[in-house]
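Okay, entry_8.cif now, which holds mmCIF, N, CA and C atoms:
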data_work
#
loop_
_atom_site.label_atom_id
_atom_site.label_comp_id
_atom_site.auth_asym_id
_atom_site.auth_seq_id
_atom_site.Cartn_x
_atom_site.Cartn_y
_atom_site.Cartn_z
N MET C 266 124.35 88.14 143.78
CA MET C 266 124.47 89.01 142.63
C MET C 266 124.06 88.23 141.38
N PRO C 267 123.25 88.85 140.52
CA PRO C 267 122.82 88.17 139.30
C PRO C 267 124.01 87.82 138.41
N ARG C 268 123.86 86.70 137.74
CA ARG C 268 124.90 86.21 136.85
C ARG C 268 124.64 86.76 135.44
N THR C 269 125.70 87.09 134.73
CA THR C 269 125.59 87.56 133.35
C THR C 269 126.08 86.46 132.42
N THR C 270 125.25 86.11 131.47
CA THR C 270 125.60 85.10 130.49
C THR C 270 125.26 85.64 129.11
N VAL C 271 126.17 85.45 128.18
CA VAL C 271 125.93 85.86 126.80
C VAL C 271 126.18 84.64 125.92
N ASP C 272 125.11 84.05 125.43
CA ASP C 272 125.20 82.86 124.59
C ASP C 272 125.03 83.32 123.14
N GLU C 273 126.14 83.47 122.46
CA GLU C 273 126.14 84.00 121.09
C GLU C 273 125.29 83.13 120.16
N GLU C 274 125.36 81.83 120.35
CA GLU C 274 124.58 80.91 119.52
C GLU C 274 123.08 81.13 119.74
N ALA C 275 122.68 81.28 120.98
CA ALA C 275 121.27 81.51 121.30
C ALA C 275 120.80 82.86 120.76
N ILE C 276 121.65 83.85 120.88
CA ILE C 276 121.32 85.18 120.36
C ILE C 276 121.08 85.11 118.86
N ASN C 277 122.02 84.51 118.14
CA ASN C 277 121.90 84.42 116.68
C ASN C 277 120.72 83.56 116.25
N ALA C 278 120.45 82.48 116.99
CA ALA C 278 119.32 81.62 116.65
C ALA C 278 118.00 82.36 116.84
N THR C 279 117.89 83.08 117.94
CA THR C 279 116.67 83.85 118.20
C THR C 279 116.50 84.97 117.18
N ALA C 280 117.58 85.66 116.88
CA ALA C 280 117.53 86.74 115.88
C ALA C 280 117.09 86.18 114.52
N ALA C 281 117.62 85.03 114.16
CA ALA C 281 117.24 84.41 112.88
C ALA C 281 115.76 84.03 112.87
N LYS C 282 115.27 83.50 114.00
CA LYS C 282 113.85 83.15 114.08
C LYS C 282 112.96 84.38 113.97
N LEU C 283 113.37 85.45 114.62
CA LEU C 283 112.59 86.69 114.54
C LEU C 283 112.56 87.22 113.11
N ASN C 284 113.72 87.28 112.50
CA ASN C 284 113.80 87.78 111.12
C ASN C 284 113.01 86.90 110.16
N ASN C 285 113.13 85.58 110.34
CA ASN C 285 112.42 84.64 109.47
C ASN C 285 110.92 84.76 109.65
N ALA C 286 110.48 84.91 110.88
CA ALA C 286 109.04 85.05 111.14
C ALA C 286 108.48 86.27 110.43
N VAL C 287 109.22 87.35 110.44
CA VAL C 287 108.77 88.57 109.78
C VAL C 287 108.71 88.36 108.27
N SER C 288 109.81 87.91 107.70
CA SER C 288 109.89 87.86 106.24
C SER C 288 109.17 86.67 105.61
N SER C 289 109.10 85.55 106.32
CA SER C 289 108.53 84.34 105.72
C SER C 289 107.11 84.03 106.17
N THR C 290 106.70 84.57 107.29
CA THR C 290 105.39 84.20 107.83
C THR C 290 104.47 85.40 108.02
N LEU C 291 104.87 86.31 108.89
CA LEU C 291 103.94 87.35 109.31
C LEU C 291 103.58 88.35 108.21
N VAL C 292 104.58 88.92 107.57
CA VAL C 292 104.29 89.92 106.52
C VAL C 292 103.56 89.27 105.34
N PRO C 293 103.99 88.07 104.88
CA PRO C 293 103.22 87.44 103.81
C PRO C 293 101.76 87.15 104.20
N GLN C 294 101.53 86.73 105.45
CA GLN C 294 100.16 86.48 105.89
C GLN C 294 99.34 87.76 105.91
N LEU C 295 99.95 88.84 106.36
CA LEU C 295 99.24 90.12 106.35
C LEU C 295 98.90 90.55 104.93
N SER C 296 99.80 90.31 104.01
CA SER C 296 99.54 90.63 102.60
C SER C 296 98.40 89.77 102.05
N ASP C 297 98.42 88.48 102.39
CA ASP C 297 97.34 87.58 101.96
C ASP C 297 96.00 88.03 102.52
N LEU C 298 95.99 88.40 103.79
CA LEU C 298 94.75 88.87 104.40
C LEU C 298 94.26 90.15 103.75
N GLN C 299 95.18 91.02 103.39
CA GLN C 299 94.79 92.26 102.70
C GLN C 299 94.09 91.94 101.38
N ARG C 300 94.65 90.98 100.64
CA ARG C 300 94.02 90.58 99.37
C ARG C 300 92.64 89.96 99.61
N GLU C 301 92.51 89.17 100.67
CA GLU C 301 91.22 88.56 101.00
C GLU C 301 90.17 89.63 101.31
N VAL C 302 90.57 90.61 102.09
CA VAL C 302 89.64 91.69 102.44
C VAL C 302 89.26 92.48 101.18
N GLU C 303 90.25 92.77 100.35
CA GLU C 303 89.97 93.48 99.09
C GLU C 303 88.97 92.70 98.23
N ALA C 304 89.19 91.39 98.13
CA ALA C 304 88.29 90.56 97.34
C ALA C 304 86.89 90.54 97.94
N LEU C 305 86.81 90.39 99.25
CA LEU C 305 85.51 90.38 99.91
C LEU C 305 84.76 91.68 99.66
N LEU C 306 85.45 92.79 99.86
CA LEU C 306 84.78 94.08 99.72
C LEU C 306 84.52 94.45 98.26
N GLY C 307 85.15 93.74 97.34
CA GLY C 307 84.90 93.99 95.92
C GLY C 307 83.85 93.08 95.34
N ASP C 308 83.53 91.97 96.05
CA ASP C 308 82.62 91.00 95.46
C ASP C 308 81.62 90.40 96.46
N GLY C 309 82.04 90.11 97.67
CA GLY C 309 81.18 89.38 98.60
C GLY C 309 80.48 90.23 99.64
N LEU C 310 80.94 91.45 99.83
CA LEU C 310 80.32 92.35 100.81
C LEU C 310 80.39 93.76 100.21
N VAL C 311 79.53 93.98 99.26
CA VAL C 311 79.56 95.24 98.52
C VAL C 311 78.41 96.12 98.98
N LEU C 312 78.77 97.19 99.66
CA LEU C 312 77.81 98.18 100.12
C LEU C 312 78.31 99.53 99.62
N ALA C 313 77.46 100.26 98.97
CA ALA C 313 77.86 101.49 98.29
C ALA C 313 78.66 102.45 99.16
N GLN C 314 78.24 102.68 100.37
CA GLN C 314 78.92 103.65 101.23
C GLN C 314 79.88 102.98 102.22
N THR C 315 79.50 101.81 102.71
CA THR C 315 80.27 101.16 103.75
C THR C 315 81.53 100.48 103.24
N SER C 316 81.43 99.77 102.13
CA SER C 316 82.58 99.01 101.62
C SER C 316 83.82 99.88 101.37
N PRO C 317 83.69 101.03 100.73
CA PRO C 317 84.88 101.87 100.54
C PRO C 317 85.49 102.31 101.88
N LYS C 318 84.64 102.61 102.85
CA LYS C 318 85.16 103.03 104.16
C LYS C 318 85.82 101.85 104.87
N LEU C 319 85.24 100.68 104.79
CA LEU C 319 85.86 99.49 105.37
C LEU C 319 87.20 99.20 104.70
N ARG C 320 87.25 99.33 103.38
CA ARG C 320 88.49 99.09 102.63
C ARG C 320 89.58 100.05 103.12
N GLU C 321 89.25 101.32 103.20
CA GLU C 321 90.22 102.33 103.65
C GLU C 321 90.67 102.06 105.08
N SER C 322 89.71 101.73 105.95
CA SER C 322 90.03 101.46 107.34
C SER C 322 90.94 100.23 107.45
N TYR C 323 90.65 99.18 106.68
CA TYR C 323 91.47 97.98 106.76
C TYR C 323 92.86 98.23 106.18
N ILE C 324 92.95 99.00 105.13
CA ILE C 324 94.26 99.34 104.56
C ILE C 324 95.10 100.07 105.61
N ASN C 325 94.51 101.03 106.29
CA ASN C 325 95.23 101.77 107.33
C ASN C 325 95.65 100.84 108.47
N PHE C 326 94.75 99.97 108.89
CA PHE C 326 95.05 99.00 109.93
C PHE C 326 96.18 98.07 109.51
N ASN C 327 96.06 97.52 108.31
CA ASN C 327 97.06 96.58 107.81
C ASN C 327 98.43 97.25 107.68
N THR C 328 98.45 98.47 107.23
CA THR C 328 99.71 99.21 107.13
C THR C 328 100.34 99.37 108.50
N SER C 329 99.54 99.73 109.49
CA SER C 329 100.04 99.92 110.85
C SER C 329 100.57 98.61 111.44
N VAL C 330 99.82 97.54 111.27
CA VAL C 330 100.25 96.24 111.80
C VAL C 330 101.51 95.77 111.08
N THR C 331 101.57 95.95 109.78
CA THR C 331 102.76 95.54 109.02
C THR C 331 103.99 96.30 109.49
N GLN C 332 103.85 97.59 109.73
CA GLN C 332 104.97 98.38 110.25
C GLN C 332 105.40 97.86 111.62
N ALA C 333 104.44 97.56 112.48
CA ALA C 333 104.76 97.03 113.80
C ALA C 333 105.48 95.69 113.69
N VAL C 334 104.99 94.82 112.84
CA VAL C 334 105.61 93.51 112.65
C VAL C 334 107.03 93.67 112.11
N ASN C 335 107.22 94.57 111.17
CA ASN C 335 108.56 94.79 110.63
C ASN C 335 109.53 95.27 111.70
N ASN C 336 109.02 95.92 112.73
CA ASN C 336 109.88 96.38 113.83
C ASN C 336 110.43 95.23 114.67
N ILE C 337 109.87 94.04 114.52
CA ILE C 337 110.41 92.88 115.22
C ILE C 337 111.87 92.68 114.84
N THR C 338 112.22 92.99 113.61
CA THR C 338 113.61 92.82 113.17
C THR C 338 114.55 93.75 113.94
N GLU C 339 114.03 94.84 114.45
CA GLU C 339 114.86 95.75 115.25
C GLU C 339 115.29 95.08 116.56
N PHE C 340 114.41 94.26 117.13
CA PHE C 340 114.79 93.52 118.33
C PHE C 340 115.91 92.53 118.01
N ALA C 341 115.80 91.87 116.87
CA ALA C 341 116.85 90.93 116.46
C ALA C 341 118.19 91.65 116.36
N LYS C 342 118.17 92.83 115.74
CA LYS C 342 119.40 93.62 115.61
C LYS C 342 119.93 94.03 116.99
N GLN C 343 119.04 94.47 117.86
CA GLN C 343 119.46 94.88 119.20
C GLN C 343 120.10 93.73 119.96
N PHE C 344 119.50 92.56 119.90
CA PHE C 344 120.07 91.42 120.59
C PHE C 344 121.47 91.12 120.08
N GLN C 345 121.62 91.15 118.76
CA GLN C 345 122.93 90.87 118.17
C GLN C 345 123.95 91.96 118.52
N GLN C 346 123.52 93.20 118.53
CA GLN C 346 124.42 94.30 118.89
C GLN C 346 124.86 94.20 120.35
N ILE C 347 123.94 93.83 121.23
CA ILE C 347 124.30 93.66 122.63
C ILE C 347 125.33 92.54 122.77
N GLY C 348 125.08 91.43 122.13
CA GLY C 348 126.03 90.31 122.18
C GLY C 348 127.40 90.71 121.66
N GLN C 349 127.44 91.44 120.55
CA GLN C 349 128.72 91.87 119.99
C GLN C 349 129.40 92.87 120.91
N SER C 350 128.64 93.77 121.49
CA SER C 350 129.23 94.76 122.41
C SER C 350 129.85 94.08 123.62
N VAL C 351 129.17 93.09 124.17
CA VAL C 351 129.72 92.37 125.32
C VAL C 351 130.98 91.62 124.92
N LYS C 352 130.97 91.01 123.76
CA LYS C 352 132.14 90.29 123.25
C LYS C 352 133.31 91.26 123.07
N ASP C 353 133.05 92.42 122.49
CA ASP C 353 134.09 93.43 122.31
C ASP C 353 134.65 93.90 123.66
N LEU C 354 133.74 94.14 124.61
CA LEU C 354 134.17 94.59 125.93
C LEU C 354 135.04 93.53 126.60
N ASP C 355 134.66 92.28 126.47
CA ASP C 355 135.44 91.21 127.05
C ASP C 355 136.84 91.20 126.44
N GLY C 356 136.94 91.38 125.15
CA GLY C 356 138.25 91.45 124.50
C GLY C 356 139.08 92.64 124.97
N GLN C 357 138.43 93.78 125.16
CA GLN C 357 139.13 94.96 125.64
C GLN C 357 139.65 94.75 127.06
N ILE C 358 138.81 94.17 127.89
CA ILE C 358 139.24 93.92 129.28
C ILE C 358 140.40 92.93 129.30
N ALA C 359 140.26 91.86 128.52
CA ALA C 359 141.34 90.86 128.47
C ALA C 359 142.63 91.46 127.93
N GLY C 360 142.51 92.34 126.96
CA GLY C 360 143.67 92.99 126.37
C GLY C 360 144.37 93.92 127.34
N GLY C 361 143.67 94.41 128.34
CA GLY C 361 144.25 95.32 129.30
C GLY C 361 144.90 94.63 130.49
N ILE C 362 144.80 93.34 130.53
CA ILE C 362 145.40 92.58 131.63
C ILE C 362 146.79 92.13 131.21
N PRO C 363 147.80 92.53 131.99
CA PRO C 363 149.17 92.13 131.62
C PRO C 363 149.34 90.61 131.72
N ALA C 364 150.15 90.13 130.79
CA ALA C 364 150.40 88.67 130.75
C ALA C 364 151.34 88.23 131.83
#

Give the structure from this file in structure tokens form.
Amino acid sequence: MPRTTVDEEAINATAAKLNNAVSSTLVPQLSDLQREVEALLGDGLVLAQTSPKLRESYINFNTSVTQAVNNITEFAKQFQQIGQSVKDLDGQIAGGIPA
């Protein structure tokens, strides 16, 4: 039978890494890339018809990717909620055992 282990420290460490990656690395990099693309299409790759369409397409893409990246924090929350639920259940079971 599979063993169940809940390492609260590992859960919290992983959740913190996920949250930090989103807020400190991934979303800022996506924002930087958006600015780079805007600058390129405004100065280095200017085509009357194509550049506006590329700009719009990249904005839509970047918005979609940013939303997906932000959803990483939902996994962090889920992991923490599972850990807390197991801890609560353990307390309830222990509380139901006569001394």

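Here atom CA of C:Asp355 stands at a distance of 24.0 Å from atom CA of C:Ala281.
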
Give me the residues within 7 Å of C:Leu283 as a PDB file with N, CA and C atoms, keeping the file's coordinate frame, counting only C-alpha atoms and dropping any in the same chain fewer than 5 places off.
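Saved file around30.pdb follows:
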ATOM      1  N   ILE C 337     109.870  94.040 114.520  1.00  0.00           N
ATOM      2  CA  ILE C 337     110.410  92.880 115.220  1.00  0.00           C
ATOM      3  C   ILE C 337     111.870  92.680 114.840  1.00  0.00           C
ATOM      4  N   THR C 338     112.220  92.990 113.610  1.00  0.00           N
ATOM      5  CA  THR C 338     113.610  92.820 113.170  1.00  0.00           C
ATOM      6  C   THR C 338     114.550  93.750 113.940  1.00  0.00           C
ATOM      7  N   ALA C 341     115.800  91.870 116.870  1.00  0.00           N
ATOM      8  CA  ALA C 341     116.850  90.930 116.460  1.00  0.00           C
ATOM      9  C   ALA C 341     118.190  91.650 116.360  1.00  0.00           C
TER      10      ALA C 341
END

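Distances here use only C-alpha atoms; by that measure, the residue among C:Leu305, C:Leu295, C:Ile347, C:Val311 closest to C:Phe326 is C:Leu295.
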
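Among C:Gln357, C:Ser322, C:Gln294, C:Asn277, the residue with the shortest atom-to-atom distance to C:Leu306, counting only C-alpha atoms, is C:Ser322.
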
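Nearest to C:Gln346 of all the residues C:Met266, C:Glu273, C:Leu319, C:Arg300 is C:Glu273, based on only C-alpha atoms.
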
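Interatomic distance, atom N of C:Leu298 against atom C of C:Lys342: 27.9 Å.
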
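For the pair atom CA of C:Leu310 and atom N of C:Tyr323, the interatomic distance is 13.7 Å.
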
Legend entry - Residue nearest C:Thr331 - candidates C:Ser296, C:Asn285, C:Ser350, C:Thr315, atoms counted: only C-alpha atoms: C:Ser296

List every residue of chain C that DSSP, applied to the backbone, labels as alpha helix (DSSP H), and write the result as a compact mmCIF listing (two decimals) with N, CA and C atoms, in the coordinates of the input.
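Saved to selection_3.txt:
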# COMPACT_ATOMS: atom_id res chain seq x y z
N GLU C 273 126.14 83.47 122.46
CA GLU C 273 126.14 84.00 121.09
C GLU C 273 125.29 83.13 120.16
N GLU C 274 125.36 81.83 120.35
CA GLU C 274 124.58 80.91 119.52
C GLU C 274 123.08 81.13 119.74
N ALA C 275 122.68 81.28 120.98
CA ALA C 275 121.27 81.51 121.30
C ALA C 275 120.80 82.86 120.76
N ILE C 276 121.65 83.85 120.88
CA ILE C 276 121.32 85.18 120.36
C ILE C 276 121.08 85.11 118.86
N ASN C 277 122.02 84.51 118.14
CA ASN C 277 121.90 84.42 116.68
C ASN C 277 120.72 83.56 116.25
N ALA C 278 120.45 82.48 116.99
CA ALA C 278 119.32 81.62 116.65
C ALA C 278 118.00 82.36 116.84
N THR C 279 117.89 83.08 117.94
CA THR C 279 116.67 83.85 118.20
C THR C 279 116.50 84.97 117.18
N ALA C 280 117.58 85.66 116.88
CA ALA C 280 117.53 86.74 115.88
C ALA C 280 117.09 86.18 114.52
N ALA C 281 117.62 85.03 114.16
CA ALA C 281 117.24 84.41 112.88
C ALA C 281 115.76 84.03 112.87
N LYS C 282 115.27 83.50 114.00
CA LYS C 282 113.85 83.15 114.08
C LYS C 282 112.96 84.38 113.97
N LEU C 283 113.37 85.45 114.62
CA LEU C 283 112.59 86.69 114.54
C LEU C 283 112.56 87.22 113.11
N ASN C 284 113.72 87.28 112.50
CA ASN C 284 113.80 87.78 111.12
C ASN C 284 113.01 86.90 110.16
N ASN C 285 113.13 85.58 110.34
CA ASN C 285 112.42 84.64 109.47
C ASN C 285 110.92 84.76 109.65
N VAL C 292 104.58 88.92 107.57
CA VAL C 292 104.29 89.92 106.52
C VAL C 292 103.56 89.27 105.34
N PRO C 293 103.99 88.07 104.88
CA PRO C 293 103.22 87.44 103.81
C PRO C 293 101.76 87.15 104.20
N GLN C 294 101.53 86.73 105.45
CA GLN C 294 100.16 86.48 105.89
C GLN C 294 99.34 87.76 105.91
N LEU C 295 99.95 88.84 106.36
CA LEU C 295 99.24 90.12 106.35
C LEU C 295 98.90 90.55 104.93
N SER C 296 99.80 90.31 104.01
CA SER C 296 99.54 90.63 102.60
C SER C 296 98.40 89.77 102.05
N ASP C 297 98.42 88.48 102.39
CA ASP C 297 97.34 87.58 101.96
C ASP C 297 96.00 88.03 102.52
N LEU C 298 95.99 88.40 103.79
CA LEU C 298 94.75 88.87 104.40
C LEU C 298 94.26 90.15 103.75
N GLN C 299 95.18 91.02 103.39
CA GLN C 299 94.79 92.26 102.70
C GLN C 299 94.09 91.94 101.38
N ARG C 300 94.65 90.98 100.64
CA ARG C 300 94.02 90.58 99.37
C ARG C 300 92.64 89.96 99.61
N GLU C 301 92.51 89.17 100.67
CA GLU C 301 91.22 88.56 101.00
C GLU C 301 90.17 89.63 101.31
N VAL C 302 90.57 90.61 102.09
CA VAL C 302 89.64 91.69 102.44
C VAL C 302 89.26 92.48 101.18
N GLU C 303 90.25 92.77 100.35
CA GLU C 303 89.97 93.48 99.09
C GLU C 303 88.97 92.70 98.23
N ALA C 304 89.19 91.39 98.13
CA ALA C 304 88.29 90.56 97.34
C ALA C 304 86.89 90.54 97.94
N THR C 315 79.50 101.81 102.71
CA THR C 315 80.27 101.16 103.75
C THR C 315 81.53 100.48 103.24
N SER C 316 81.43 99.77 102.13
CA SER C 316 82.58 99.01 101.62
C SER C 316 83.82 99.88 101.37
N PRO C 317 83.69 101.03 100.73
CA PRO C 317 84.88 101.87 100.54
C PRO C 317 85.49 102.31 101.88
N LYS C 318 84.64 102.61 102.85
CA LYS C 318 85.16 103.03 104.16
C LYS C 318 85.82 101.85 104.87
N LEU C 319 85.24 100.68 104.79
CA LEU C 319 85.86 99.49 105.37
C LEU C 319 87.20 99.20 104.70
N ARG C 320 87.25 99.33 103.38
CA ARG C 320 88.49 99.09 102.63
C ARG C 320 89.58 100.05 103.12
N GLU C 321 89.25 101.32 103.20
CA GLU C 321 90.22 102.33 103.65
C GLU C 321 90.67 102.06 105.08
N SER C 322 89.71 101.73 105.95
CA SER C 322 90.03 101.46 107.34
C SER C 322 90.94 100.23 107.45
N TYR C 323 90.65 99.18 106.68
CA TYR C 323 91.47 97.98 106.76
C TYR C 323 92.86 98.23 106.18
N ILE C 324 92.95 99.00 105.13
CA ILE C 324 94.26 99.34 104.56
C ILE C 324 95.10 100.07 105.61
N ASN C 325 94.51 101.03 106.29
CA ASN C 325 95.23 101.77 107.33
C ASN C 325 95.65 100.84 108.47
N PHE C 326 94.75 99.97 108.89
CA PHE C 326 95.05 99.00 109.93
C PHE C 326 96.18 98.07 109.51
N ASN C 327 96.06 97.52 108.31
CA ASN C 327 97.06 96.58 107.81
C ASN C 327 98.43 97.25 107.68
N THR C 328 98.45 98.47 107.23
CA THR C 328 99.71 99.21 107.13
C THR C 328 100.34 99.37 108.50
N SER C 329 99.54 99.73 109.49
CA SER C 329 100.04 99.92 110.85
C SER C 329 100.57 98.61 111.44
N VAL C 330 99.82 97.54 111.27
CA VAL C 330 100.25 96.24 111.80
C VAL C 330 101.51 95.77 111.08
N THR C 331 101.57 95.95 109.78
CA THR C 331 102.76 95.54 109.02
C THR C 331 103.99 96.30 109.49
N GLN C 332 103.85 97.59 109.73
CA GLN C 332 104.97 98.38 110.25
C GLN C 332 105.40 97.86 111.62
N ALA C 333 104.44 97.56 112.48
CA ALA C 333 104.76 97.03 113.80
C ALA C 333 105.48 95.69 113.69
N VAL C 334 104.99 94.82 112.84
CA VAL C 334 105.61 93.51 112.65
C VAL C 334 107.03 93.67 112.11
N ASN C 335 107.22 94.57 111.17
CA ASN C 335 108.56 94.79 110.63
C ASN C 335 109.53 95.27 111.70
N ILE C 337 109.87 94.04 114.52
CA ILE C 337 110.41 92.88 115.22
C ILE C 337 111.87 92.68 114.84
N THR C 338 112.22 92.99 113.61
CA THR C 338 113.61 92.82 113.17
C THR C 338 114.55 93.75 113.94
N GLU C 339 114.03 94.84 114.45
CA GLU C 339 114.86 95.75 115.25
C GLU C 339 115.29 95.08 116.56
N PHE C 340 114.41 94.26 117.13
CA PHE C 340 114.79 93.52 118.33
C PHE C 340 115.91 92.53 118.01
N ALA C 341 115.80 91.87 116.87
CA ALA C 341 116.85 90.93 116.46
C ALA C 341 118.19 91.65 116.36
N LYS C 342 118.17 92.83 115.74
CA LYS C 342 119.40 93.62 115.61
C LYS C 342 119.93 94.03 116.99
N GLN C 343 119.04 94.47 117.86
CA GLN C 343 119.46 94.88 119.20
C GLN C 343 120.10 93.73 119.96
N PHE C 344 119.50 92.56 119.90
CA PHE C 344 120.07 91.42 120.59
C PHE C 344 121.47 91.12 120.08
N GLN C 345 121.62 91.15 118.76
CA GLN C 345 122.93 90.87 118.17
C GLN C 345 123.95 91.96 118.52
N GLN C 346 123.52 93.20 118.53
CA GLN C 346 124.42 94.30 118.89
C GLN C 346 124.86 94.20 120.35
N ILE C 347 123.94 93.83 121.23
CA ILE C 347 124.30 93.66 122.63
C ILE C 347 125.33 92.54 122.77
N GLY C 348 125.08 91.43 122.13
CA GLY C 348 126.03 90.31 122.18
C GLY C 348 127.40 90.71 121.66
N GLN C 349 127.44 91.44 120.55
CA GLN C 349 128.72 91.87 119.99
C GLN C 349 129.40 92.87 120.91
N SER C 350 128.64 93.77 121.49
CA SER C 350 129.23 94.76 122.41
C SER C 350 129.85 94.08 123.62
N VAL C 351 129.17 93.09 124.17
CA VAL C 351 129.72 92.37 125.32
C VAL C 351 130.98 91.62 124.92
N LYS C 352 130.97 91.01 123.76
CA LYS C 352 132.14 90.29 123.25
C LYS C 352 133.31 91.26 123.07
N ASP C 353 133.05 92.42 122.49
CA ASP C 353 134.09 93.43 122.31
C ASP C 353 134.65 93.90 123.66
N LEU C 354 133.74 94.14 124.61
CA LEU C 354 134.17 94.59 125.93
C LEU C 354 135.04 93.53 126.60
N ASP C 355 134.66 92.28 126.47
CA ASP C 355 135.44 91.21 127.05
C ASP C 355 136.84 91.20 126.44
N GLY C 356 136.94 91.38 125.15
CA GLY C 356 138.25 91.45 124.50
C GLY C 356 139.08 92.64 124.97
N GLN C 357 138.43 93.78 125.16
CA GLN C 357 139.13 94.96 125.64
C GLN C 357 139.65 94.75 127.06
N ILE C 358 138.81 94.17 127.89
CA ILE C 358 139.24 93.92 129.28
C ILE C 358 140.40 92.93 129.30
N ALA C 359 140.26 91.86 128.52
CA ALA C 359 141.34 90.86 128.47
C ALA C 359 142.63 91.46 127.93
N GLY C 360 142.51 92.34 126.96
CA GLY C 360 143.67 92.99 126.37
C GLY C 360 144.37 93.92 127.34
